[in-house]
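Each remark here refers to the structure printed beneath this line.
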Amino acid sequence: MLGLNHLSTTTTIVVLRNESEKISQGTGFFFARRDENGDATIFLVTNYHVVTGNKPGSMLDPKGTSIEIQFHLNISKPHLIRTVELQLFTTDGKPTWVQSKVYAEADMVVIPLPSSVIGDAKLTVIAAPEWTTDQKVKLQPTTPVTFIGYPYGYYDKTNFLPIWKTGHIASEPLVDFDGKPYFVVDISAFSGMSGSPVFAITHGSYENEDGNIEIGKARKFLGIYASMQILNEKKYLEEFNHAKKIGISHEESLELGHVWKESLLLDIIDGLDIVQYEREIAQKSQPFKWSQPEHYD
């Protein structure tokens, strides 16, 4: 398809299911990491709360047993997709996802995808640094950022293409906000976009890390969107008859989102013993289910 941005085929809607019941929906994306031999493993990246229905560290039982994802089979024909159901637990009850061993509260998980799951899908993946055209794009507060995902499950259901939303960096991106590897963005994001990949994308000109102006296009993968900051506060209504205040609970979105950094994603992946994972998790996983290609012509 002429003019199709390849990043539109790197994402997938992620549907959390408990047997046949749909629990919730989020976003995920495909990420490739090569080892020292040049062999690539493809990962599904999404949020902890997308695959469990709970926030990290909640110690609550997961609400689902499997997730449903989609693969584009051909970037030139985005309407050709395959739907795959992945079981979230092995036969002995271990989760198939991997999360940070350092930051238990990090809302990020990865699931290594065996080639048998991918099948003949010609995946377009986000691979560091292959999908980053310029590593020296200067990041600072007010730098534009782009999320790619599925707000409230809204997307092009004919071509299976996601929605792009834009915002700006709202904290110092090179500093770990509150001592954790994430930064804050000013954006209007909605339920269903959790797990979206986040990019700095420029056209025409941009400032590099040396302070010089570069001409051309640049793209830098920044991390994964997790959640919006909600303000919980106590508001009061005056009860004049009794000269006292009645407290009411109030929640309001600050329209500030949290983006866990690419560096954390790489730490999770690089800390994973893929051979051990294959032996202890992949070989004990429930069989996956995949559909025939949809809209195949």
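Chains: A, B, ... in order of the structure tokens. Residues: from 1 per chain. Ligands: from 1, in order shown.
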Write out as a PyMOL selection string each polymer residue whose atoms come within 8 Å of Tyr150 in chain A, counting only C-alpha atoms; drop sequence neighbours fewer than 6 positions from it. chain A and resi 13+26-27+162-163+192-193
Give me every strand (DSSP E) residue in range 52-185 of chain A, going by DSSP on the backbone, as JSON, numbers by chain. {"A": [66, 67, 68, 69, 70, 71, 72, 81, 82, 83, 84, 85, 86, 87, 98, 99, 109, 110, 111, 112, 113, 126, 127, 144, 145, 146, 147, 148, 149, 163, 164, 165, 166, 167, 168, 169, 182, 183, 184, 185]}
Closest atom pairs, range 27-53 of chain A residues within 12 Å of range 88-94 of chain A, only C-alpha atoms, as JSON lines:
```
{"residue": "A:Tyr48", "atom": "CA", "partner": "A:Leu88", "partner_atom": "CA", "distance": 11.7}
{"residue": "A:Val50", "atom": "CA", "partner": "A:Leu88", "partner_atom": "CA", "distance": 11.5}
{"residue": "A:Val51", "atom": "CA", "partner": "A:Leu88", "partner_atom": "CA", "distance": 7.8}
{"residue": "A:Thr52", "atom": "CA", "partner": "A:Leu88", "partner_atom": "CA", "distance": 9.0}
```
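Those residues of range 78-239 of chain A that DSSP, working from the backbone, places in helix (DSSP H, G or I) are Ser115, Ser116, Val117, Ile118, Pro151, Tyr152, Gly153, Phe177, Asp178 and Gly179 of chain A.
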Distance criterion (only C-alpha atoms): nearest to Ser76 in chain A out of A:Gly167, A:Gly64, A:Gly3, A:Pro181: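 Looking at the shortest contact to Ser76 in chain A, the residue is A:Gly3.
With only C-alpha atoms as the atoms that count, the minimum distance from Ile213 in chain A to the choices A:Phe199, A:Val185, A:Lys136, A:Leu86 is reached by A:Lys136.
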10 Å contact set for Ala189 in chain A, only C-alpha atoms, chain neighbours under 6 positions out, as a VMD selection string: chain A and resid 147 149 to 152 165 to 167 225 227 to 228 255 to 257
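Omitting Glu19 in chain A and its sequence neighbours fewer than 5 positions away, and counting only C-alpha atoms, the residues within 12 Å are Lys63, Gly64, Thr65, Ser66, Ile67, Glu68, Glu85, Leu86, Gln87 and Leu88 of chain A.
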Would you list the contacts of Asn54 in chain A as an MDAnalysis selection string, taking every protein, DNA or RNA residue within 12 Å and counting only C-alpha atoms, but skipping same-chain residues closer than 2 positions in sequence? chainID A and resid 16 23:24 47:52 56:64 105 107
Mind writing the picked residues with N, CA, C and O atoms as a PDB file, in the first residue's frame?
```
ATOM      1  N   LEU A  16      -7.637  -9.415  26.669  1.00  0.00           N
ATOM      2  CA  LEU A  16      -7.487 -10.338  27.790  1.00  0.00           C
ATOM      3  C   LEU A  16      -8.776 -11.141  27.932  1.00  0.00           C
ATOM      4  O   LEU A  16      -9.867 -10.575  27.983  1.00  0.00           O
ATOM      5  N   ILE A  23     -12.306  -9.883  29.082  1.00  0.00           N
ATOM      6  CA  ILE A  23     -12.136  -9.128  30.320  1.00  0.00           C
ATOM      7  C   ILE A  23     -11.817  -7.667  30.028  1.00  0.00           C
ATOM      8  O   ILE A  23     -12.421  -6.759  30.586  1.00  0.00           O
ATOM      9  N   SER A  24     -10.852  -7.424  29.169  1.00  0.00           N
ATOM     10  CA  SER A  24     -10.417  -6.051  28.889  1.00  0.00           C
ATOM     11  C   SER A  24      -9.616  -6.040  27.600  1.00  0.00           C
ATOM     12  O   SER A  24      -9.324  -7.095  27.015  1.00  0.00           O
ATOM     13  N   ASN A  47       1.726  -4.062  28.828  1.00  0.00           N
ATOM     14  CA  ASN A  47       1.741  -3.735  30.254  1.00  0.00           C
ATOM     15  C   ASN A  47       1.390  -4.944  31.112  1.00  0.00           C
ATOM     16  O   ASN A  47       0.662  -5.839  30.678  1.00  0.00           O
ATOM     17  N   TYR A  48       1.860  -4.918  32.353  1.00  0.00           N
ATOM     18  CA  TYR A  48       1.472  -5.939  33.327  1.00  0.00           C
ATOM     19  C   TYR A  48      -0.037  -5.935  33.515  1.00  0.00           C
ATOM     20  O   TYR A  48      -0.675  -6.985  33.555  1.00  0.00           O
ATOM     21  N   HIS A  49      -0.628  -4.744  33.620  1.00  0.00           N
ATOM     22  CA  HIS A  49      -2.074  -4.695  33.886  1.00  0.00           C
ATOM     23  C   HIS A  49      -2.901  -5.137  32.677  1.00  0.00           C
ATOM     24  O   HIS A  49      -4.054  -5.511  32.822  1.00  0.00           O
ATOM     25  N   VAL A  50      -2.302  -5.116  31.480  1.00  0.00           N
ATOM     26  CA  VAL A  50      -3.017  -5.591  30.292  1.00  0.00           C
ATOM     27  C   VAL A  50      -3.146  -7.110  30.306  1.00  0.00           C
ATOM     28  O   VAL A  50      -4.177  -7.665  29.917  1.00  0.00           O
ATOM     29  N   VAL A  51      -2.106  -7.818  30.792  1.00  0.00           N
ATOM     30  CA  VAL A  51      -2.155  -9.284  30.783  1.00  0.00           C
ATOM     31  C   VAL A  51      -2.729  -9.875  32.064  1.00  0.00           C
ATOM     32  O   VAL A  51      -3.043 -11.063  32.110  1.00  0.00           O
ATOM     33  N   THR A  52      -2.877  -9.054  33.113  1.00  0.00           N
ATOM     34  CA  THR A  52      -3.403  -9.578  34.374  1.00  0.00           C
ATOM     35  C   THR A  52      -4.725  -8.942  34.795  1.00  0.00           C
ATOM     36  O   THR A  52      -5.469  -9.527  35.586  1.00  0.00           O
ATOM     37  N   PRO A  56       0.608  -3.511  38.807  1.00  0.00           N
ATOM     38  CA  PRO A  56       1.781  -4.211  39.344  1.00  0.00           C
ATOM     39  C   PRO A  56       1.864  -4.073  40.856  1.00  0.00           C
ATOM     40  O   PRO A  56       1.544  -3.031  41.420  1.00  0.00           O
ATOM     41  N   GLY A  57       2.277  -5.142  41.502  1.00  0.00           N
ATOM     42  CA  GLY A  57       2.447  -5.119  42.942  1.00  0.00           C
ATOM     43  C   GLY A  57       1.168  -5.267  43.726  1.00  0.00           C
ATOM     44  O   GLY A  57       1.193  -5.193  44.958  1.00  0.00           O
ATOM     45  N   SER A  58       0.045  -5.498  43.059  1.00  0.00           N
ATOM     46  CA  SER A  58      -1.229  -5.585  43.763  1.00  0.00           C
ATOM     47  C   SER A  58      -1.405  -6.916  44.497  1.00  0.00           C
ATOM     48  O   SER A  58      -2.230  -7.023  45.398  1.00  0.00           O
ATOM     49  N   MET A  59      -0.656  -7.939  44.091  1.00  0.00           N
ATOM     50  CA  MET A  59      -0.723  -9.272  44.695  1.00  0.00           C
ATOM     51  C   MET A  59      -2.093  -9.922  44.492  1.00  0.00           C
ATOM     52  O   MET A  59      -2.448 -10.871  45.186  1.00  0.00           O
ATOM     53  N   LEU A  60      -2.869  -9.428  43.535  1.00  0.00           N
ATOM     54  CA  LEU A  60      -4.167 -10.010  43.234  1.00  0.00           C
ATOM     55  C   LEU A  60      -4.026 -11.103  42.184  1.00  0.00           C
ATOM     56  O   LEU A  60      -3.085 -11.090  41.378  1.00  0.00           O
ATOM     57  N   ASP A  61      -4.941 -12.039  42.193  1.00  0.00           N
ATOM     58  CA  ASP A  61      -4.915 -13.102  41.198  1.00  0.00           C
ATOM     59  C   ASP A  61      -5.199 -12.525  39.815  1.00  0.00           C
ATOM     60  O   ASP A  61      -6.080 -11.656  39.666  1.00  0.00           O
ATOM     61  N   PRO A  62      -4.483 -12.992  38.789  1.00  0.00           N
ATOM     62  CA  PRO A  62      -4.769 -12.533  37.425  1.00  0.00           C
ATOM     63  C   PRO A  62      -6.213 -12.818  37.043  1.00  0.00           C
ATOM     64  O   PRO A  62      -6.795 -13.832  37.435  1.00  0.00           O
ATOM     65  N   LYS A  63      -6.779 -11.910  36.254  1.00  0.00           N
ATOM     66  CA  LYS A  63      -8.190 -12.027  35.909  1.00  0.00           C
ATOM     67  C   LYS A  63      -8.443 -12.814  34.634  1.00  0.00           C
ATOM     68  O   LYS A  63      -9.588 -13.123  34.306  1.00  0.00           O
ATOM     69  N   GLY A  64      -7.376 -13.130  33.894  1.00  0.00           N
ATOM     70  CA  GLY A  64      -7.555 -13.836  32.630  1.00  0.00           C
ATOM     71  C   GLY A  64      -6.655 -15.036  32.496  1.00  0.00           C
ATOM     72  O   GLY A  64      -5.722 -15.233  33.283  1.00  0.00           O
ATOM     73  N   GLU A 105       7.183  -2.515  40.520  1.00  0.00           N
ATOM     74  CA  GLU A 105       6.055  -1.663  40.176  1.00  0.00           C
ATOM     75  C   GLU A 105       6.040  -1.263  38.707  1.00  0.00           C
ATOM     76  O   GLU A 105       5.119  -0.560  38.253  1.00  0.00           O
ATOM     77  N   ASP A 107       5.204  -1.225  35.067  1.00  0.00           N
ATOM     78  CA  ASP A 107       4.039  -1.757  34.341  1.00  0.00           C
ATOM     79  C   ASP A 107       4.460  -2.141  32.928  1.00  0.00           C
ATOM     80  O   ASP A 107       4.026  -1.539  31.938  1.00  0.00           O
TER      81      ASP A 107
END
```
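Checking A:His203, A:His168, A:His72, A:His79 one by one against Leu7 in chain A, counting only C-alpha atoms, you find the shortest gap at A:His72.
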Distance criterion (only C-alpha atoms): nearest to Leu265 in chain A out of A:Ala106, A:Ile187, A:Ala170, A:Ile69: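 Checking each of A:Ala106, A:Ile187, A:Ala170, A:Ile69 against Leu265 in chain A, counting only C-alpha atoms, the winner is A:Ala106.
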Nearest residue to Phe71 in chain A from the set A:Val102, A:Thr11, A:Leu222, A:Lys217 (distances using only C-alpha atoms):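 Result for the nearest residue to Phe71 in chain A: A:Thr11.
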Quick one: residues within 6 Å of Gly28 in chain A, only C-alpha atoms counted, chain neighbours fewer than 5 positions away excluded, as a list in words? Thr11, Thr12, Val45, Thr46 and Gly195 of chain A
Closest to Glu214 in chain A among A:Val137, A:Met108, A:Val14, A:Leu44, using only C-alpha atoms? A:Val137
